[in-house]
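Have a look at coords-v8.cif below; it lists mmCIF, C-alpha atoms and all ligand atoms.
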data_model
#
loop_
_atom_site.label_atom_id
_atom_site.label_comp_id
_atom_site.auth_asym_id
_atom_site.auth_seq_id
_atom_site.Cartn_x
_atom_site.Cartn_y
_atom_site.Cartn_z
CA MET A 147 -10.92 22.73 -10.66
CA ASN A 148 -7.88 20.99 -12.01
CA ARG A 149 -6.24 19.44 -8.97
CA ARG A 150 -2.89 19.08 -10.69
CA GLN A 151 -2.42 22.81 -10.50
CA THR A 152 -2.63 22.62 -6.73
CA ILE A 153 0.35 20.25 -6.50
CA PRO A 154 3.52 22.20 -5.66
CA LYS A 155 6.07 22.17 -8.45
CA GLU A 156 8.66 20.14 -6.57
CA LEU A 157 6.09 17.40 -6.00
CA ARG A 158 5.01 17.15 -9.61
CA TYR A 159 6.08 14.28 -11.78
CA THR A 160 4.42 14.47 -15.17
CA PHE A 161 4.20 11.83 -17.85
CA ASN A 162 6.84 13.80 -19.76
CA ASP A 163 9.18 13.49 -16.77
CA PHE A 164 8.49 9.78 -16.70
CA ASP A 165 9.03 9.43 -20.43
CA ARG A 166 12.35 11.29 -20.23
CA ASP A 167 13.60 9.25 -17.23
CA PHE A 168 12.47 5.87 -18.53
CA PRO A 169 12.48 5.85 -22.33
CA ASN A 170 13.05 2.08 -22.66
CA ASP A 171 13.55 -1.25 -20.87
CA ASP A 172 17.27 -0.62 -20.38
CA ALA A 173 16.67 2.58 -18.45
CA CYS A 174 14.18 0.74 -16.23
CA LEU A 175 16.62 -2.11 -15.58
CA GLU A 176 19.36 0.43 -14.73
CA GLN A 177 17.01 1.99 -12.18
CA ILE A 178 16.32 -1.32 -10.43
CA LYS A 179 20.03 -2.21 -10.52
CA GLU A 180 20.95 1.17 -8.97
CA GLN A 181 18.36 0.68 -6.25
CA ARG A 182 19.62 -2.78 -5.36
CA PHE A 183 23.33 -2.13 -5.85
CA GLN A 184 23.96 1.46 -4.89
CA GLY A 185 26.82 2.81 -6.94
CA GLY A 186 26.55 -0.16 -9.31
CA ILE A 187 27.65 -3.77 -9.03
CA THR A 188 31.19 -3.35 -7.71
CA ALA A 189 32.06 -6.77 -6.33
CA CYS A 190 31.83 -10.31 -7.64
CA GLU A 191 30.72 -12.87 -5.08
CA LYS A 192 32.33 -15.66 -7.06
CA CYS A 193 35.72 -13.96 -7.43
CA GLU A 194 35.22 -12.60 -3.90
CA ARG A 195 36.79 -9.30 -4.84
CA PRO A 196 35.99 -5.97 -6.49
CA ARG A 197 35.18 -6.50 -10.15
CA LYS A 198 33.71 -4.51 -12.98
CA HIS A 199 30.45 -5.79 -14.42
CA TYR A 200 29.07 -5.30 -17.89
CA ARG A 201 25.52 -5.53 -19.17
CA VAL A 202 24.77 -8.86 -20.92
CA LYS A 203 23.10 -8.16 -24.26
CA GLY A 204 19.59 -9.53 -24.66
CA ARG A 205 19.28 -10.55 -21.01
CA THR A 206 18.35 -8.76 -17.84
CA ALA A 207 21.77 -9.58 -16.43
CA TYR A 208 25.15 -8.05 -15.67
CA ALA A 209 28.29 -10.17 -15.81
CA CYS A 210 31.61 -10.10 -13.98
CA GLU A 211 34.27 -9.13 -16.52
CA THR A 212 36.72 -11.67 -15.10
CA CYS A 213 34.75 -14.85 -14.37
CA GLY A 214 31.52 -14.07 -16.22
CA ASN A 215 29.27 -14.70 -13.21
CA HIS A 216 25.79 -13.30 -13.89
CA ILE A 217 23.85 -10.97 -11.57
CA TYR A 218 20.12 -10.51 -12.17
CA PRO A 219 18.84 -7.31 -10.56
CA LEU A 220 15.23 -8.38 -11.17
CA ALA A 221 15.60 -11.59 -9.13
CA GLY A 222 13.07 -11.62 -6.32
CA THR A 223 11.17 -8.60 -7.66
CA ILE A 224 7.62 -8.61 -8.99
CA PHE A 225 9.12 -8.38 -12.50
CA GLU A 226 11.22 -11.52 -12.22
CA LYS A 227 9.07 -14.08 -13.99
CA SER A 228 7.20 -11.70 -16.25
CA SER A 229 7.52 -11.66 -20.02
CA THR A 230 5.98 -8.19 -20.15
CA SER A 231 8.41 -5.42 -20.97
CA LEU A 232 9.86 -3.57 -17.98
CA ARG A 233 8.89 -0.25 -19.55
CA ILE A 234 5.23 -1.34 -19.58
CA TRP A 235 5.47 -2.37 -15.92
CA PHE A 236 6.92 1.03 -15.08
CA HIS A 237 4.20 2.72 -17.10
CA ALA A 238 1.51 0.81 -15.18
CA MET A 239 3.18 1.81 -11.90
CA TYR A 240 3.29 5.40 -13.04
CA LEU A 241 -0.43 5.28 -13.83
CA MET A 242 -1.34 3.68 -10.51
CA GLY A 243 0.81 6.15 -8.62
CA SER A 244 -0.19 9.36 -10.33
CA THR A 245 -3.95 9.37 -10.22
CA ARG A 246 -5.54 10.62 -7.08
CA CYS A 247 -8.20 7.99 -6.61
CA GLY A 248 -6.78 4.94 -8.27
CA ILE A 249 -6.95 3.42 -11.69
CA SER A 250 -8.50 0.13 -12.80
CA ALA A 251 -6.88 -2.77 -14.64
CA LYS A 252 -9.11 -1.84 -17.57
CA GLN A 253 -7.56 1.63 -17.70
CA ILE A 254 -4.07 0.13 -17.54
CA GLN A 255 -5.00 -2.11 -20.46
CA ARG A 256 -6.18 0.90 -22.48
CA GLU A 257 -3.16 3.08 -21.70
CA THR A 258 -0.43 0.49 -22.16
CA GLY A 259 -1.95 -1.65 -24.91
CA VAL A 260 -1.46 -5.02 -23.17
CA THR A 261 -4.18 -7.67 -22.88
CA TYR A 262 -6.65 -7.43 -20.04
CA LYS A 263 -5.14 -10.54 -18.44
CA THR A 264 -1.69 -8.96 -18.39
CA ALA A 265 -3.06 -5.64 -17.15
CA TRP A 266 -4.88 -7.41 -14.33
CA ARG A 267 -1.76 -9.35 -13.37
CA MET A 268 0.35 -6.19 -13.24
CA PHE A 269 -2.39 -4.43 -11.32
CA THR A 270 -2.51 -7.06 -8.56
CA GLN A 271 1.30 -7.32 -8.37
CA ILE A 272 1.71 -3.56 -8.11
CA ARG A 273 -0.86 -3.56 -5.34
CA LYS A 274 1.33 -6.02 -3.45
CA LEU A 275 3.99 -3.31 -3.44
CA MET A 276 1.49 -1.15 -1.60
CA HIS A 277 1.01 -3.53 1.32
CA GLU A 278 2.72 -1.87 4.26
CA ASP A 279 3.32 -3.01 7.80
CA VAL A 280 3.66 0.18 9.79
CA ARG A 281 3.44 0.68 13.54
CA LEU A 282 1.41 3.65 14.61
CA GLY A 283 1.06 5.97 17.59
CA GLY A 284 3.46 5.86 20.53
CA ALA A 285 3.62 7.74 23.82
CA GLU A 286 4.59 11.01 22.12
CA SER A 287 1.82 10.90 19.52
CA SER A 288 -1.59 12.53 19.77
CA GLY A 289 -3.16 9.09 19.74
CA VAL A 290 -4.78 6.80 17.21
CA GLU A 291 -8.37 6.19 16.23
CA MET A 292 -9.63 2.70 15.65
CA ASP A 293 -12.85 1.66 13.96
CA GLU A 294 -14.39 -0.99 11.74
CA MET A 295 -16.07 -0.80 8.35
CA TYR A 296 -18.45 -3.24 6.70
CA HIS A 297 -18.07 -4.06 3.06
CA GLY A 298 -20.67 -5.53 0.73
CA GLY A 299 -24.35 -6.14 1.19
CA ARG A 300 -26.61 -4.27 3.55
CA ARG A 301 -25.11 -2.75 6.62
CA LYS A 302 -28.21 -2.77 8.77
CA ASN A 303 -30.86 -5.34 9.58
CA GLU A 304 -34.62 -4.81 9.36
CA SER A 305 -34.85 -3.01 12.68
CA GLY A 306 -32.15 -0.61 11.53
CA ARG A 307 -29.55 -2.08 13.83
CA MET A 308 -25.97 -2.33 12.64
CA LEU A 309 -24.86 -5.86 11.93
CA ARG A 310 -21.69 -7.00 13.67
CA GLY A 311 -19.11 -9.37 12.27
CA ASN A 312 -19.17 -11.24 9.00
CA ARG A 313 -22.84 -12.03 8.96
CA GLY A 314 -24.30 -12.84 5.60
CA HIS A 315 -21.99 -11.60 2.91
CA LEU A 316 -20.54 -8.71 4.83
CA THR A 317 -16.80 -8.44 5.22
CA THR A 318 -15.38 -6.60 8.20
CA VAL A 319 -12.43 -4.24 7.84
CA MET A 320 -10.52 -2.99 10.86
CA GLY A 321 -8.56 0.21 10.72
CA VAL A 322 -6.19 2.23 12.87
CA VAL A 323 -5.19 5.78 11.98
CA GLU A 324 -2.92 8.39 13.51
CA ARG A 325 -4.43 11.85 13.61
CA LYS A 326 -2.71 13.77 10.82
CA GLY A 327 -0.65 10.63 10.21
CA ARG A 328 -0.72 7.20 8.66
CA ILE A 329 -3.28 4.45 8.42
CA VAL A 330 -3.42 0.66 8.51
CA ALA A 331 -6.56 -1.13 7.28
CA ARG A 332 -6.97 -4.89 7.34
CA VAL A 333 -9.72 -7.29 6.37
CA ALA A 334 -10.62 -8.93 9.69
CA PRO A 335 -11.66 -12.56 9.90
CA GLU A 336 -13.98 -11.75 12.79
CA LEU A 337 -14.87 -8.93 15.09
CA THR A 338 -13.99 -10.29 18.51
CA ILE A 339 -11.95 -9.01 21.43
CA THR A 340 -9.20 -11.53 20.59
CA ALA A 341 -9.00 -10.53 16.92
CA THR A 342 -9.13 -6.83 17.74
CA ASN A 343 -6.47 -7.08 20.44
CA ALA A 344 -4.18 -9.04 18.12
CA LEU A 345 -4.48 -6.40 15.42
CA VAL A 346 -3.82 -3.57 17.86
CA LYS A 347 -0.73 -5.29 19.25
CA GLU A 348 0.64 -5.76 15.78
CA TYR A 349 0.12 -2.22 14.52
CA VAL A 350 -0.03 0.11 17.51
CA LEU A 351 3.03 1.06 19.58
CA PRO A 352 2.98 0.74 23.37
CA LYS A 353 1.63 3.62 25.49
CA THR A 354 -0.58 4.95 22.72
CA MET A 355 -3.88 6.68 23.46
CA ILE A 356 -6.54 4.79 21.47
CA PHE A 357 -9.90 6.33 20.59
CA THR A 358 -12.79 4.04 19.62
CA ASP A 359 -16.55 3.91 19.77
CA GLU A 360 -18.34 1.82 22.39
CA ALA A 361 -18.37 -1.50 20.45
CA GLY A 362 -17.77 -4.54 22.65
CA SER A 363 -14.77 -5.72 20.62
CA TYR A 364 -12.78 -2.75 21.96
CA SER A 365 -13.62 -3.40 25.59
CA SER A 366 -10.30 -4.85 26.62
CA LEU A 367 -7.68 -2.70 24.86
CA GLN A 368 -6.28 -1.28 28.08
CA HIS A 369 -5.75 -4.78 29.45
CA ILE A 370 -3.41 -5.98 26.71
CA GLU A 371 -0.27 -7.05 28.50
CA MET A 372 2.96 -5.08 28.13
CA MET A 373 1.36 -2.46 25.90
CA ASP A 374 0.15 0.15 28.44
CA TYR A 375 -2.45 1.58 26.11
CA GLU A 376 -4.82 4.29 27.21
CA HIS A 377 -8.34 4.00 25.88
CA ARG A 378 -11.09 6.61 25.40
CA ARG A 379 -14.49 5.71 23.98
CA ILE A 380 -17.11 7.82 22.31
CA ASN A 381 -20.72 6.88 22.88
CA HIS A 382 -22.20 6.72 19.38
CA SER A 383 -25.32 4.91 20.54
CA GLN A 384 -26.14 7.97 22.67
CA LYS A 385 -25.70 10.08 19.51
CA VAL A 386 -22.54 11.63 20.83
CA TYR A 387 -19.95 11.95 18.08
CA VAL A 388 -17.33 14.30 19.43
CA ALA A 389 -16.43 14.95 23.05
CA GLY A 390 -13.34 17.12 23.08
CA GLU A 391 -10.49 15.12 21.61
CA VAL A 392 -12.50 11.91 21.91
CA HIS A 393 -13.84 11.11 18.45
CA THR A 394 -13.25 8.79 15.52
CA ASN A 395 -13.79 11.33 12.73
CA THR A 396 -10.41 10.76 11.08
CA ILE A 397 -10.94 7.08 10.44
CA GLU A 398 -14.56 7.60 9.47
CA GLY A 399 -13.31 10.08 6.88
CA PHE A 400 -11.01 7.40 5.51
CA TRP A 401 -13.87 4.88 5.32
CA SER A 402 -15.94 7.30 3.26
CA LEU A 403 -12.99 7.82 0.90
CA VAL A 404 -12.71 4.05 0.49
CA LYS A 405 -16.43 3.64 -0.13
CA ARG A 406 -16.55 6.46 -2.63
CA GLY A 407 -13.57 4.92 -4.40
CA ILE A 408 -15.13 1.47 -4.59
CA GLY A 409 -18.29 3.01 -6.01
CA GLY A 410 -16.52 5.36 -8.40
CA VAL A 411 -13.46 3.72 -9.89
CA TYR A 412 -13.99 0.03 -9.36
CA HIS A 413 -17.81 -0.19 -9.23
CA SER A 414 -17.51 -3.12 -6.86
CA VAL A 415 -14.75 -5.06 -5.15
CA SER A 416 -15.13 -8.69 -4.15
CA ALA A 417 -14.02 -9.75 -0.68
CA LYS A 418 -11.05 -11.57 -2.21
CA TYR A 419 -9.58 -8.36 -3.60
CA LEU A 420 -10.66 -6.08 -0.79
CA GLN A 421 -7.30 -6.20 1.02
CA GLY A 422 -5.46 -5.19 -2.15
CA TYR A 423 -7.85 -2.34 -2.59
CA LEU A 424 -7.35 -1.22 1.02
CA ASP A 425 -3.59 -1.45 0.60
CA GLU A 426 -3.74 0.80 -2.43
CA TYR A 427 -5.91 3.37 -0.69
CA SER A 428 -3.81 3.32 2.47
CA PHE A 429 -0.55 3.65 0.51
CA ARG A 430 -1.90 6.73 -1.23
CA TYR A 431 -3.39 8.15 1.97
CA ASN A 432 -0.07 7.72 3.78
CA ARG A 433 1.57 9.81 1.07
CA ARG A 434 -1.16 12.36 0.57
CA ASP A 435 1.34 15.20 0.96
CA SER A 436 3.76 13.90 -1.66
CA GLY A 437 1.90 15.12 -4.72
CA ASN A 438 2.35 12.61 -7.49
CA LEU A 439 5.70 11.35 -6.31
CA ILE A 440 3.96 8.13 -5.36
CA PHE A 441 5.57 6.54 -8.40
CA SER A 442 9.03 6.95 -6.79
CA ALA A 443 7.69 5.45 -3.58
CA LEU A 444 6.44 2.47 -5.58
CA LEU A 445 9.83 2.06 -7.24
CA GLU A 446 11.48 2.00 -3.82
CA GLN A 447 9.02 -0.66 -2.72
CA VAL A 448 10.18 -2.93 -5.56
CA SER A 449 13.68 -3.34 -4.14
CA GLU A 450 12.46 -3.09 -0.56
CA MET A 451 10.09 -6.02 -1.08
CA ALA A 452 12.73 -8.05 -2.94
CA SER A 453 15.25 -7.54 -0.14
CA ARG A 454 12.81 -9.02 2.34
CA ARG A 455 12.63 -12.26 0.36
CA PRO A 456 15.25 -14.98 0.67
CA ALA A 457 17.92 -14.61 -1.98
CA LEU A 458 17.02 -16.45 -5.14
CA GLU A 459 19.40 -18.50 -7.17
CA ALA A 460 20.28 -16.77 -10.41
ZN ZN B 501 33.79 -12.78 -10.97
#
Could you quickly redo this structure as structure tokens?
Amino acid sequence: MNRRQTIPKELRYTFNDFDRDFPNDDACLEQIKEQRFQGGITACEKCERPRKHYRVKGRTAYACETCGNHIYPLAGTIFEKSSTSLRIWFHAMYLMGSTRCGISAKQIQRETGVTYKTAWRMFTQIRKLMHEDVRLGGAESSGVEMDEMYHGGRRKNESGRMLRGNRGHLTTVMGVVERKGRIVARVAPELTITATNALVKEYVLPKTMIFTDEAGSYSSLQHIEMMDYEHRRINHSQKVYVAGEVHTNTIEGFWSLVKRGIGGVYHSVSAKYLQGYLDEYSFRYNRRDSGNLIFSALLEQVSEMASRRPALEA
């Protein structure tokens, strides 16, 4: 079945739409300028008053028509120091945002015609746009599920027991997900009570109901100061997987998506790039109801991320 046909019309954004909206570098620069200066650049900080600005030919700059002061809308963005055309960047973002299960740097190279090195660089930078710090749950929510995943190598030892922590070449990933909501997944340096509690405090709102399995690293969630979490555990070792609302099926579903993705699109992912991969999957998961409008979300992230950085000198 062609999945594209299942995307509602208002959530579709085809390559033709993209091509019409962004035919060249100038159109892309205009877009970034509009995002960062809503309604255009209307004031000059040097003249300290409202001024018209015009586009400087051959540069990614706009200049004050009175004093000539330059404004660079790309300053602080992932495009700032790149010699690759803005249109190609946008194209790569379109590709990464419009396929359901991700696209590799190799595919970006093929589709855009850049070198593999450039494709890889764009790929990792675009993934940075997908790194989100969200806070989940809250007293009014239906709770969050928390669980860990092991990446790389064998997951069980000879006696069939699950290995804990980063033993051997396994990397641990911790995840928190809202039921019918958003997810956060982070590579965890270690699987201890301290590390787990720190992650929960950072990403889960106070008074949230947290569902986990019986692993020891979750044993002190309800004692985290000031957070007033409630905690329910499911006893996987007793082969119980669902007891009423107490289960971790949502997050386990996400882990299988991630594992299928690593096997299918990327073949393998080294520990170094695992966080980027998780960010990409989470970003897409958190927008699973927005059809292929993920490209617009990525565009918004460009200015969002740049505004979080200290202002750069032009
Ligand atoms: Zn001026």
Do a neighbour search on Ala452 in chain A at 10 Å with only C-alpha atoms, toss out local chain neighbours closer than 5 positions, and write the hits as number ranges by chain.
-> A: 182, 219-224, 275, 447, 457-458
If you keep C-alpha atoms, can you produce a file of those selected residues as a short mmCIF file (atom, residue, chain, number, x, y, z; two decimals), in the frame of the given file?
data_model
loop_
_atom_site.label_atom_id
_atom_site.label_comp_id
_atom_site.auth_asym_id
_atom_site.auth_seq_id
_atom_site.Cartn_x
_atom_site.Cartn_y
_atom_site.Cartn_z
CA ARG A 182 19.62 -2.78 -5.36
CA PRO A 219 18.84 -7.31 -10.56
CA LEU A 220 15.23 -8.38 -11.17
CA ALA A 221 15.60 -11.59 -9.13
CA GLY A 222 13.07 -11.62 -6.32
CA THR A 223 11.17 -8.60 -7.66
CA ILE A 224 7.62 -8.61 -8.99
CA LEU A 275 3.99 -3.31 -3.44
CA GLN A 447 9.02 -0.66 -2.72
CA ALA A 457 17.92 -14.61 -1.98
CA LEU A 458 17.02 -16.45 -5.14
#
Within 10 Å of ligand ZN 501 (chain B), which residues of chain A show up? Give each one with its shortest atom-to-atom distance in Å (one decimal) and the two atoms involved, counting all atoms listed in the file, rows by chain then rising residue number, as JSON lines.
{"residue": "A:Ala189", "atom": "CA", "partner": "B:ZN501", "partner_atom": "ZN", "distance": 7.8}
{"residue": "A:Cys190", "atom": "CA", "partner": "B:ZN501", "partner_atom": "ZN", "distance": 4.6}
{"residue": "A:Glu191", "atom": "CA", "partner": "B:ZN501", "partner_atom": "ZN", "distance": 6.6}
{"residue": "A:Lys192", "atom": "CA", "partner": "B:ZN501", "partner_atom": "ZN", "distance": 5.1}
{"residue": "A:Cys193", "atom": "CA", "partner": "B:ZN501", "partner_atom": "ZN", "distance": 4.2}
{"residue": "A:Glu194", "atom": "CA", "partner": "B:ZN501", "partner_atom": "ZN", "distance": 7.2}
{"residue": "A:Arg195", "atom": "CA", "partner": "B:ZN501", "partner_atom": "ZN", "distance": 7.7}
{"residue": "A:Pro196", "atom": "CA", "partner": "B:ZN501", "partner_atom": "ZN", "distance": 8.4}
{"residue": "A:Arg197", "atom": "CA", "partner": "B:ZN501", "partner_atom": "ZN", "distance": 6.5}
{"residue": "A:Lys198", "atom": "CA", "partner": "B:ZN501", "partner_atom": "ZN", "distance": 8.5}
{"residue": "A:His199", "atom": "CA", "partner": "B:ZN501", "partner_atom": "ZN", "distance": 8.5}
{"residue": "A:Ala209", "atom": "CA", "partner": "B:ZN501", "partner_atom": "ZN", "distance": 7.8}
{"residue": "A:Cys210", "atom": "CA", "partner": "B:ZN501", "partner_atom": "ZN", "distance": 4.6}
{"residue": "A:Glu211", "atom": "CA", "partner": "B:ZN501", "partner_atom": "ZN", "distance": 6.7}
{"residue": "A:Thr212", "atom": "CA", "partner": "B:ZN501", "partner_atom": "ZN", "distance": 5.2}
{"residue": "A:Cys213", "atom": "CA", "partner": "B:ZN501", "partner_atom": "ZN", "distance": 4.1}
{"residue": "A:Gly214", "atom": "CA", "partner": "B:ZN501", "partner_atom": "ZN", "distance": 5.9}
{"residue": "A:Asn215", "atom": "CA", "partner": "B:ZN501", "partner_atom": "ZN", "distance": 5.4}
{"residue": "A:His216", "atom": "CA", "partner": "B:ZN501", "partner_atom": "ZN", "distance": 8.5}
For Gly399 in chain A, work out the shell of residues within 12 Å, counting only C-alpha atoms and skipping chain neighbours fewer than 6 positions away, then give it as a VMD selection string.
-> chain A and resid 291 293 295 321 323 325 to 326 329 393 405 to 406 431
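Compared by their closest atoms to Ile339 in chain A, and using all atoms listed in the file, the residues A:Thr264, A:Ser363, A:Ser453, A:Ser229 rank with A:Ser363 nearest.
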Nearest residue to Val330 in chain A from the set A:Leu241, A:Leu424, A:Ala344, A:Leu367 (distances using all atoms listed in the file) = A:Leu424
What's the 12 Å shell around Arg433 in chain A, counting only C-alpha atoms, without same-chain residues fewer than 2 positions away, as a ChimeraX atom specification?
-> /A:157,243-244,246,276,326-329,426-431,435-444
With all atoms listed in the file as the atoms that count, which of A:Gly259, A:Glu156, A:His297, A:Ala285 lies nearest to Lys353 in chain A?
->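 Closest to Lys353 in chain A, using all atoms listed in the file: A:Ala285.
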How far is it from CA of Ile408 in chain A to CA of Leu337 in chain A, in Å with one decimal?
-> 22.3 Å
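Among the candidates A:Asn381, A:Ser250, A:Tyr419, A:Asn432, the one nearest to Lys274 in chain A when counting only C-alpha atoms is A:Tyr419.
Counting all atoms listed in the file, the residue from A:Glu450, A:Glu294, A:Asp172, A:Asp359 that sits nearest to Gln384 in chain A is A:Asp359.
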If you measure from CA of Val333 in chain A to CA of Ala417 in chain A, what distance in Å do you get, rounded to one decimal?
->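 Spanning CA of Val333 in chain A to CA of Ala417 in chain A is a straight-line distance of 8.6 Å.
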What gap, in Å, lies between CA of Ala251 in chain A and CA of Glu398 in chain A?
-> 27.3 Å
Taking the point (-7.2, 4.0, 18.2) as given in the file, collect each protein or nucleic acid residue that comes within 6 Å of it, counting all atoms listed in the file, and present the set as a ChimeraX atom specification.
-> /A:290-292,322,356-358
Given only C-alpha atoms as the counted atoms, nearest of A:Val346, A:Ala207, A:Met355, A:Leu232 to Ala173 in chain A | A:Leu232
